[in-house]
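Below: query.txt (compact mmCIF, C-alpha atoms)
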# COMPACT_ATOMS: atom_id res chain seq x y z
CA MET A 224 -43.69 -19.37 -32.81
CA LYS A 225 -40.28 -18.61 -34.29
CA SER A 226 -40.33 -15.11 -32.82
CA TYR A 227 -41.32 -16.59 -29.45
CA MET A 228 -38.39 -19.07 -29.54
CA LEU A 229 -36.06 -16.27 -30.57
CA PHE A 230 -37.29 -14.22 -27.62
CA ILE A 231 -36.65 -17.14 -25.23
CA PHE A 232 -33.16 -17.60 -26.70
CA VAL A 233 -32.37 -13.92 -26.23
CA LEU A 234 -33.56 -14.08 -22.62
CA LEU A 235 -31.49 -17.17 -21.89
CA PHE A 236 -28.42 -15.66 -23.53
CA ALA A 237 -28.88 -12.37 -21.68
CA GLY A 238 -29.44 -14.22 -18.40
CA ARG A 239 -26.34 -16.30 -18.93
CA THR A 240 -24.31 -13.21 -19.76
CA LEU A 241 -25.62 -11.37 -16.70
CA ALA A 242 -24.96 -14.33 -14.43
CA GLN A 243 -21.45 -14.65 -15.82
CA SER A 244 -20.87 -10.94 -15.27
CA LEU A 245 -22.14 -11.08 -11.70
CA TYR A 246 -20.09 -14.19 -10.95
CA SER A 247 -16.96 -12.55 -12.27
CA ALA A 248 -17.62 -9.50 -10.11
CA ASN A 249 -17.08 -11.73 -7.06
CA PRO A 250 -13.89 -13.49 -8.17
CA ASP A 251 -13.41 -15.89 -5.29
CA SER A 252 -13.32 -19.05 -7.41
CA ALA A 253 -11.57 -20.58 -10.38
CA SER A 254 -13.89 -18.61 -12.68
CA LEU A 255 -11.44 -15.75 -12.27
CA PHE A 256 -8.88 -17.69 -14.32
CA PRO A 257 -9.34 -18.12 -18.08
CA LYS A 258 -9.57 -21.66 -19.40
CA LYS A 259 -7.88 -20.69 -22.67
CA HIS A 260 -4.50 -19.04 -22.97
CA GLY A 261 -3.65 -16.42 -25.56
CA ARG A 262 -0.39 -15.79 -27.39
CA PHE A 263 -0.32 -12.00 -27.42
CA GLU A 264 -2.32 -11.93 -30.62
CA ASP A 265 -1.83 -8.67 -32.56
CA TYR A 266 0.87 -7.53 -30.14
CA ALA A 267 4.28 -6.31 -31.29
CA PHE A 268 7.33 -8.08 -29.89
CA VAL A 269 10.19 -5.63 -29.25
CA LEU A 270 13.66 -6.99 -28.48
CA ASN A 271 16.43 -4.57 -27.51
CA GLY A 272 14.45 -1.70 -28.99
CA ASN A 273 13.65 -3.38 -32.34
CA VAL A 274 10.39 -4.96 -33.50
CA ILE A 275 10.81 -8.67 -34.32
CA GLU A 276 8.54 -11.46 -35.49
CA GLN A 277 6.99 -13.25 -32.56
CA ASP A 278 8.23 -16.67 -33.66
CA SER A 279 11.80 -15.41 -33.94
CA LEU A 280 12.02 -14.82 -30.18
CA MET A 281 13.01 -18.50 -29.85
CA ASN A 282 16.30 -17.68 -31.60
CA TYR A 283 17.53 -15.38 -28.84
CA PHE A 284 18.94 -17.10 -25.74
CA GLY A 285 19.00 -15.33 -22.40
CA THR A 286 16.00 -13.15 -23.24
CA LYS A 287 13.99 -11.62 -20.40
CA LEU A 288 10.62 -9.94 -20.45
CA ASN A 289 10.81 -6.22 -19.66
CA THR A 290 7.19 -5.17 -19.59
CA VAL A 291 3.86 -5.43 -21.35
CA PHE A 292 2.22 -2.35 -22.85
CA PRO A 293 -1.47 -3.38 -23.01
CA TYR A 294 -2.73 -0.41 -25.02
CA PRO A 295 -2.97 0.38 -28.76
CA ILE A 296 0.37 1.52 -30.13
CA GLN A 297 2.06 2.31 -33.45
CA LEU A 298 5.56 0.99 -34.05
CA GLU A 299 7.57 1.24 -37.26
CA GLY A 300 4.53 2.36 -39.22
CA ARG A 301 2.21 -0.42 -38.04
CA SER A 302 -0.65 -0.43 -35.57
CA TYR A 303 -0.73 -3.04 -32.81
CA LYS A 304 -3.11 -3.96 -30.02
CA GLY A 305 -0.20 -3.60 -27.62
CA ALA A 306 3.50 -4.38 -27.29
CA VAL A 307 5.67 -6.81 -25.32
CA TYR A 308 9.20 -5.62 -24.60
CA PHE A 309 12.18 -7.96 -24.11
CA HIS A 310 15.91 -7.67 -23.72
CA ASN A 311 18.94 -9.95 -23.80
CA LYS A 312 21.41 -7.10 -23.33
CA GLU A 313 21.61 -5.39 -19.95
CA TYR A 314 21.72 -1.98 -21.60
CA TYR A 315 18.03 -2.44 -22.47
CA ALA A 316 16.99 -3.75 -19.07
CA PRO A 317 14.30 -1.50 -17.54
CA PRO A 318 14.60 0.20 -14.15
CA ILE A 319 12.82 -1.70 -11.40
CA ARG A 320 10.70 0.25 -8.94
CA TYR A 321 11.82 -0.16 -5.32
CA ALA A 322 14.78 -2.29 -6.45
CA ASN A 323 17.01 -0.71 -3.78
CA ASP A 324 14.47 -0.96 -0.95
CA PRO A 325 15.22 -3.02 2.15
CA ALA A 326 13.38 -6.22 2.99
CA TYR A 327 10.08 -5.53 4.73
CA PHE A 328 8.50 -7.65 7.46
CA VAL A 329 5.09 -6.99 9.00
CA ASN A 330 4.19 -8.89 12.16
CA GLY A 331 6.97 -11.33 11.33
CA ARG A 332 6.02 -12.03 7.71
CA GLN A 333 7.82 -10.66 4.67
CA VAL A 334 5.82 -8.42 2.35
CA SER A 335 6.51 -6.62 -0.91
CA PRO A 336 7.54 -2.94 -1.17
CA TYR A 337 4.14 -2.35 -2.79
CA HIS A 338 2.18 -3.90 0.07
CA ILE A 339 4.13 -1.92 2.69
CA ARG A 340 2.90 1.30 1.08
CA LEU A 341 -0.75 0.25 1.42
CA LEU A 342 -0.72 -0.16 5.19
CA LYS A 343 -2.49 2.03 7.73
CA VAL A 344 0.42 3.80 9.38
CA GLU A 345 -2.03 4.86 12.10
CA ALA A 346 -2.15 1.24 13.32
CA TYR A 347 1.64 0.92 13.76
CA ASN A 348 2.94 -0.05 17.18
CA LYS A 349 6.66 -0.17 16.47
CA ILE A 350 9.18 0.13 13.64
CA SER A 351 12.69 -1.30 13.80
CA LYS A 352 15.38 -1.40 11.15
CA THR A 353 18.73 -2.93 10.26
CA ILE A 354 20.85 -0.94 7.81
CA ARG A 355 23.40 -3.64 7.01
CA ASP A 356 22.87 -5.77 3.89
CA THR A 357 20.55 -8.71 4.45
CA VAL A 358 20.30 -11.95 2.45
CA ILE A 359 16.89 -13.65 2.44
CA ASP A 360 16.24 -16.77 0.35
CA GLY A 361 19.33 -16.02 -1.69
CA LYS A 362 18.40 -12.42 -2.47
CA LEU A 363 20.44 -9.46 -1.25
CA TYR A 364 18.51 -6.57 0.31
CA ASN A 365 19.72 -3.14 1.41
CA GLY A 366 18.87 -3.65 5.04
CA CYS A 367 15.65 -4.75 6.71
CA ILE A 368 12.65 -3.00 8.23
CA GLN A 369 10.26 -4.72 10.64
CA ILE A 370 6.86 -3.36 11.62
CA ASP A 371 4.54 -4.37 14.42
CA THR A 372 0.98 -3.26 13.73
CA ASP A 373 -2.55 -3.79 14.99
CA GLU A 374 -3.80 -4.02 11.40
CA ASP A 375 -4.59 -7.51 10.10
CA ILE A 376 -2.88 -6.90 6.79
CA PHE A 377 -3.23 -10.45 5.47
CA ALA A 378 -6.98 -10.78 5.98
CA GLY A 379 -8.65 -11.67 2.69
CA ARG A 380 -5.34 -11.85 0.82
CA ILE A 381 -3.61 -14.77 -0.87
CA SER A 382 0.03 -15.11 -1.93
CA LEU A 383 0.97 -15.63 -5.56
CA PRO A 384 2.16 -19.24 -5.08
CA GLN A 385 -1.10 -20.10 -3.28
CA LEU A 386 -3.10 -18.34 -5.98
CA ILE A 387 -1.57 -20.45 -8.74
CA GLU A 388 -1.64 -23.71 -6.78
CA LYS A 389 -5.29 -23.28 -5.79
CA TYR A 390 -6.77 -22.13 -9.09
CA THR A 391 -4.57 -23.46 -11.90
CA ASP A 392 -2.39 -26.39 -12.87
CA LEU A 393 0.37 -24.13 -14.21
CA PRO A 394 3.94 -24.88 -13.07
CA LEU A 395 5.05 -21.93 -10.92
CA GLU A 396 8.61 -22.02 -12.26
CA LYS A 397 7.28 -21.26 -15.75
CA ILE A 398 5.21 -18.23 -14.78
CA ILE A 399 5.94 -14.55 -15.22
CA PHE A 400 3.45 -12.22 -13.53
CA HIS A 401 2.43 -8.96 -15.14
CA TRP A 402 0.67 -6.82 -12.56
CA ARG A 403 -1.12 -3.74 -13.83
CA GLY A 404 -3.99 -1.37 -13.13
CA GLY A 405 -7.43 -1.60 -14.67
CA GLY A 406 -7.29 1.46 -16.93
CA TYR A 407 -8.39 1.23 -20.54
CA HIS A 408 -6.25 4.10 -21.79
CA TYR A 409 -2.60 4.94 -21.32
CA THR A 410 -2.28 8.09 -19.24
CA SER A 411 0.92 7.55 -17.25
CA GLU A 412 3.70 5.07 -16.60
CA ASP A 413 1.67 3.63 -13.71
CA GLU A 414 -0.83 2.25 -16.25
CA ILE A 415 1.77 -0.16 -17.66
CA GLY A 416 2.32 -2.15 -14.50
CA THR A 417 5.30 -4.20 -13.42
CA ILE A 418 6.80 -7.62 -14.07
CA ILE A 419 7.17 -10.06 -11.17
CA ASP A 420 9.56 -12.81 -12.25
CA ASN A 421 10.70 -14.02 -8.81
CA ASP A 422 10.14 -13.46 -5.08
CA PHE A 423 6.54 -14.63 -5.62
CA SER A 424 5.95 -15.40 -1.95
CA VAL A 425 6.26 -11.76 -0.79
CA HIS A 426 3.41 -10.66 -3.07
CA SER A 427 -0.21 -11.16 -2.05
CA PHE A 428 -3.55 -10.05 -3.47
CA SER A 429 -7.19 -9.74 -2.53
CA ILE A 430 -9.36 -11.87 -4.83
CA ALA A 431 -12.41 -12.19 -2.57
CA LYS A 432 -13.95 -8.84 -3.41
CA ILE A 433 -13.27 -5.40 -4.79
CA ASP A 434 -13.00 -2.62 -2.24
CA HIS A 435 -15.39 -0.12 -3.79
CA ASN A 436 -14.01 2.73 -1.68
CA THR A 437 -10.55 2.39 -3.18
CA ASN A 438 -11.35 0.19 -6.22
CA LEU A 439 -8.60 -2.19 -5.07
CA GLY A 440 -8.57 -5.95 -5.50
CA VAL A 441 -8.09 -8.33 -8.43
CA SER A 442 -10.73 -7.59 -11.07
CA ALA A 443 -9.45 -9.80 -13.89
CA ILE A 444 -6.78 -12.34 -14.80
CA GLU A 445 -5.54 -13.14 -18.30
CA ILE A 446 -2.88 -15.59 -19.43
CA ASP A 447 -0.65 -15.52 -22.51
CA ARG A 448 1.99 -18.01 -23.59
CA VAL A 449 5.41 -16.96 -24.87
CA ARG A 450 8.02 -19.21 -26.48
CA PHE A 451 11.52 -18.32 -25.32
CA ALA A 452 14.67 -20.08 -26.53
CA GLU A 453 14.74 -21.95 -23.23
CA GLY A 454 11.12 -23.07 -23.51
CA GLU A 455 7.56 -21.89 -23.16
CA ARG A 456 6.47 -19.68 -20.28
CA TYR A 457 3.13 -18.29 -19.14
CA VAL A 458 2.55 -14.58 -18.62
CA VAL A 459 -0.21 -14.21 -16.04
CA HIS A 460 -1.71 -10.71 -16.16
CA ILE A 461 -3.18 -9.64 -12.82
CA VAL A 462 -5.44 -6.61 -13.18
CA ASP A 463 -5.54 -4.80 -9.85
CA ASN A 464 -5.33 -1.06 -9.18
CA THR A 465 -3.27 -1.79 -6.06
CA TYR A 466 -0.20 -1.54 -8.28
CA LYS A 467 -0.56 2.21 -8.74
CA TRP A 468 -2.37 3.06 -5.47
CA ARG A 469 -0.39 4.03 -2.41
CA ASN A 470 -1.41 5.24 1.04
CA ALA A 471 -0.17 8.84 1.22
CA LYS A 472 1.24 8.58 4.74
CA ALA A 473 2.84 5.18 4.13
CA ASN A 474 4.33 6.40 0.86
CA LEU A 475 5.82 9.40 2.65
CA THR A 476 7.08 7.24 5.52
CA PHE A 477 8.95 4.94 3.12
CA SER A 478 10.14 7.58 0.66
CA ASP A 479 13.62 6.99 2.10
CA PRO A 480 13.17 3.73 4.03
CA LEU A 481 16.51 3.44 5.79
CA ALA A 482 16.35 7.09 6.90
CA ILE A 483 13.22 6.40 8.98
CA ASP A 484 13.44 7.64 12.53
CA THR A 485 12.28 4.44 14.23
CA LEU A 486 11.68 6.24 17.55
CA PHE A 487 9.56 9.06 16.09
CA PRO A 488 8.65 7.86 12.56
CA CYS A 489 5.71 10.24 12.09
CA TYR A 490 7.01 13.34 13.83
CA LEU A 491 8.65 16.02 11.69
CA PRO A 492 10.80 18.32 13.85
CA ASP A 493 11.86 20.60 10.99
CA PHE A 494 8.45 21.63 9.64
CA ASP A 495 8.35 25.39 8.96
CA GLU A 496 4.82 26.74 9.23
CA ASP A 497 5.65 29.96 7.36
CA GLY A 498 3.73 30.19 4.11
CA TYR A 499 1.12 27.62 5.14
CA SER A 500 -2.50 28.14 6.09
CA ILE A 501 -3.07 26.16 9.26
CA PHE A 502 -6.69 25.75 10.29
CA THR A 503 -7.84 26.09 13.87
CA SER A 504 -11.34 24.79 13.11
CA THR A 505 -12.41 22.39 10.37
CA GLU A 506 -15.44 20.43 9.19
CA ILE A 507 -13.83 17.21 10.40
CA SER A 508 -11.31 17.63 13.20
CA PRO A 509 -8.02 15.76 13.29
CA GLN A 510 -8.38 12.75 15.51
CA PRO A 511 -6.50 9.68 16.72
CA TYR A 512 -7.13 6.44 14.87
CA LYS A 513 -9.79 4.39 16.70
CA GLY A 514 -10.53 7.21 19.12
CA ASN A 515 -9.27 8.68 22.36
CA THR A 516 -9.45 5.46 24.38
CA GLY A 517 -7.11 3.61 22.04
CA TYR A 518 -4.82 6.65 21.92
CA LEU A 519 -4.56 6.79 25.71
CA LYS A 520 -3.71 3.09 25.79
CA LYS A 521 -0.88 3.59 23.31
CA LEU A 522 0.45 6.60 25.19
CA SER A 523 0.28 4.62 28.44
CA ARG A 524 2.10 1.67 26.88
CA SER A 525 4.87 3.97 25.63
CA MET A 526 5.27 5.42 29.12
CA GLY A 527 5.29 2.01 30.81
CA LEU A 528 1.98 2.68 32.54
CA ALA A 529 -0.94 0.34 33.03
CA SER A 530 -3.73 0.96 30.53
CA GLU A 531 -6.30 0.90 33.36
CA LYS A 532 -6.80 4.02 35.43
CA GLY A 533 -4.48 3.98 38.42
CA SER A 534 -5.31 4.31 42.09
CA GLY A 535 -3.62 7.66 42.47
CA VAL A 536 -5.92 10.25 43.98
CA ILE A 537 -4.17 13.42 42.84
CA ILE A 538 -5.38 14.52 39.41
CA ASP A 539 -3.24 16.86 37.36
CA SER A 540 -3.06 17.78 33.67
CA ILE A 541 -0.91 19.06 30.87
CA ALA A 542 -2.09 21.32 28.02
CA ILE A 543 -0.48 20.60 24.67
CA GLN A 544 -0.62 21.88 21.11
CA PHE A 545 0.78 20.60 17.82
CA VAL A 546 0.12 20.67 14.08
CA VAL A 547 -1.33 17.72 12.17
CA LEU A 548 -0.12 17.91 8.58
CA LYS A 549 -2.11 16.89 5.50
CA SER A 550 -0.35 13.53 5.54
CA GLY A 551 -1.30 12.92 9.18
CA MET A 552 2.26 13.55 10.36
CA LEU A 553 2.78 15.69 13.47
CA SER A 554 4.98 18.69 14.12
CA ARG A 555 5.39 21.82 16.28
CA LEU A 556 4.62 19.97 19.53
CA LYS A 557 4.90 21.97 22.72
CA SER A 558 3.48 22.14 26.23
CA LEU A 559 1.33 25.11 27.20
CA SER A 560 1.46 24.26 30.91
CA PRO A 561 4.03 25.13 33.56
CA GLU A 562 6.88 22.65 33.32
CA LYS A 563 6.71 19.64 35.61
CA VAL A 564 9.19 16.81 35.90
CA TYR A 565 7.06 14.10 34.28
CA HIS A 566 5.59 16.21 31.46
CA LYS A 567 8.60 15.38 29.33
CA ASP A 568 7.56 11.70 29.36
CA ILE A 569 4.12 12.61 28.03
CA LEU A 570 5.58 14.72 25.21
CA ILE A 571 7.93 11.91 24.21
CA ALA A 572 5.02 9.44 24.18
CA ILE A 573 3.06 11.79 21.90
CA LYS A 574 5.98 11.94 19.46
CA LYS A 575 6.37 8.16 19.56
CA ASN A 576 2.69 7.72 18.73
CA ALA A 577 2.41 10.51 16.16
CA CYS A 578 1.51 7.96 13.46
CA ILE A 579 -1.89 7.39 15.04
CA TRP A 580 -3.30 10.76 13.95
CA LEU A 581 -5.68 11.28 11.04
CA PRO A 582 -5.64 14.72 9.35
CA ALA A 583 -8.37 17.34 9.48
CA ILE A 584 -10.76 17.50 6.51
CA GLN A 585 -12.06 20.73 5.03
CA GLY A 586 -14.02 20.87 1.79
CA GLY A 587 -13.49 17.14 1.28
CA ARG A 588 -9.69 17.31 1.36
CA PRO A 589 -7.03 16.96 4.07
CA VAL A 590 -5.64 20.22 5.45
CA LEU A 591 -3.11 21.35 8.02
CA SER A 592 -4.66 21.92 11.41
CA TRP A 593 -3.72 22.93 14.92
CA VAL A 594 -4.65 20.55 17.73
CA LYS A 595 -4.93 21.76 21.29
CA MET A 596 -5.64 19.10 23.87
CA LYS A 597 -5.46 18.50 27.56
CA ILE A 598 -4.35 15.18 29.08
CA PHE A 599 -5.48 14.47 32.63
CA TYR A 600 -3.44 12.03 34.68
CA LYS A 601 -3.28 10.63 38.21
CA THR A 602 -0.18 10.84 40.36
CA ASP A 603 1.02 9.49 43.66
CA PRO A 604 1.89 11.87 46.54
CA LYS A 605 5.41 12.24 45.12
CA GLY A 606 4.03 13.55 41.84
CA GLU A 607 4.92 10.45 39.81
CA ILE A 608 2.35 9.65 37.13
CA GLN A 609 0.37 6.49 37.89
CA SER A 610 -2.03 6.49 34.93
CA LEU A 611 -3.44 8.63 32.14
CA ASP A 612 -7.06 9.43 32.91
CA ARG A 613 -8.68 11.16 29.93
CA ILE A 614 -8.24 13.59 27.03
CA GLU A 615 -10.17 16.77 26.40
CA PHE A 616 -10.11 19.09 23.42
CA PRO A 617 -10.88 22.64 24.57
CA HIS A 618 -11.93 25.10 21.87
CA ASN A 619 -9.61 27.88 22.87
CA ILE A 620 -6.37 28.46 24.67
CA ARG A 621 -8.05 30.09 27.66
CA ALA A 622 -9.53 26.71 28.56
CA PHE A 623 -6.04 25.34 29.11
CA LYS A 624 -5.44 27.02 32.45
CA ASN A 625 -4.71 24.47 35.18

This entry written out as structure tokens:
Amino acid sequence: MKSYMLFIFVLLFAGRTLAQSLYSANPDSASLFPKKHGRFEDYAFVLNGNVIEQDSLMNYFGTKLNTVFPYPIQLEGRSYKGAVYFHNKEYYAPPIRYANDPAYFVNGRQVSPYHIRLLKVEAYNKISKTIRDTVIDGKLYNGCIQIDTDEDIFAGRISLPQLIEKYTDLPLEKIIFHWRGGGYHYTSEDEIGTIIDNDFSVHSFSIAKIDHNTNLGVSAIEIDRVRFAEGERYVVHIVDNTYKWRNAKANLTFSDPLAIDTLFPCYLPDFDEDGYSIFTSTEISPQPYKGNTGYLKKLSRSMGLASEKGSGVIIDSIAIQFVVLKSGMLSRLKSLSPEKVYHKDILIAIKKNACIWLPAIQGGRPVLSWVKMKIFYKTDPKGEIQSLDRIEFPHNIRAFKN
């Protein structure tokens, strides 16, 4: 009987543990937030480069949290579960990633410099920028960049203020956010994460589900309390690999934000093909995001044409070639057809919409690839283009003869 009861207990305990694990794997409720708050147990406190007793932090006014190192570490001959770094002298203040970036707005809403580097550049419609200093909510930014995109970038995301208001009773003014990846071992600086102590509203996260293709989304939240001289504050640790993940094309686009060519943001005129292997045929061909129909519509919009096929009865075409780089950027664009007056407009539209291209894939990795395509269009009797009709991708240059 005793063994039977023990068996039932084990089953119940295992079932409860499994249910808890499954529930946590879909963190769209308050279960994501811990009910108890820690105090950085077994962590070293380091102030201005020196290890101090945790309780003594209250003696130092003007102290700020630098970062949290959430991995085993040895300091001054002792082993710790991790370390929390502080400073009250500017000499010890850490560098802040993207501190000199401009303010970013997407479809009219401000986003963080991290979020901007996650976006699908292929879905961009327009980029505009202001290089003069900009003050937003009392903060000075080095200019401003605004993006219009077809991507619904806020779907399934929640801002930090909303996150705290919805799932906790913590006062927002007493919170410091520590955002880090989900690694268990320290391998690079990206594993440490970053501290978000203000500008909460520009940061947003996905807590509804984990994207198993990219492993992005909030997987865990932990809370520790710290007693500063000015009072107690809560350090909310958000575990989400988004911190260290960046879309390659977006990261390249914003490597020097204010130098972006807003007219041709994804066209590189100075690419030198010497020394590179450029494929002419690949396992997966380079292609426009969301297909040829969407591409034609964007080209038409850039040229001021109606997206529907026009009534012109004269059909003509232009043969074009260019290189799609590993990043999806375009270069080496030229016409292979006899020059006609309106062909220049088509080439400009291709440069304007270069962001829409996805790179070729060979052996499971992106590669440089030539694209040769033919755009058919309808004209009026004067030769003026009325509409873009279709796109074809011939396999060889001989097929480009008009």

- [ ] For Ile368 (chain A), please output as JSON, numbers by chain all residues within 6 Å (counting all atoms listed in the file; exclusion window: fewer than 2 positions along the same chain).
- [x] {"A": [327, 351, 352]}

Open item on the list: Can you pull out the residues contacting Lys258 (chain A)? Cut-off 12 Å, using all atoms listed in the file, and skip same-chain residues under 3 positions away; I want them as an MDAnalysis selection string.
Closed with: chainID A and resid 253:255 261 390:393 444:447

TODO: Rank A:Gln385, A:Ser411, A:Asn470, A:Gln510 by their smallest atom-to-atom distance to Phe428 (chain A), using all atoms listed in the file, and report the top residue only.
DONE: A:Gln385

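One distance worth recording is that between CA of His460 (chain A) and CA of Trp402 (chain A), which is 5.8 Å.
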
TODO: Enumerate, as a ChimeraX atom specification, the protein, DNA and RNA residues whose atoms approach (-0.9, 2.1, -3.8) to within 12 Å, taking into account only C-alpha atoms and the coordinate frame of the file.
DONE: /A:335-343,403-404,413,416,437-440,463-475

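Of the listed residues (A:Asp539, A:Asp484, A:Asp422, A:Asp612), A:Asp612 comes nearest to Asn515 (chain A); the distances count only C-alpha atoms.
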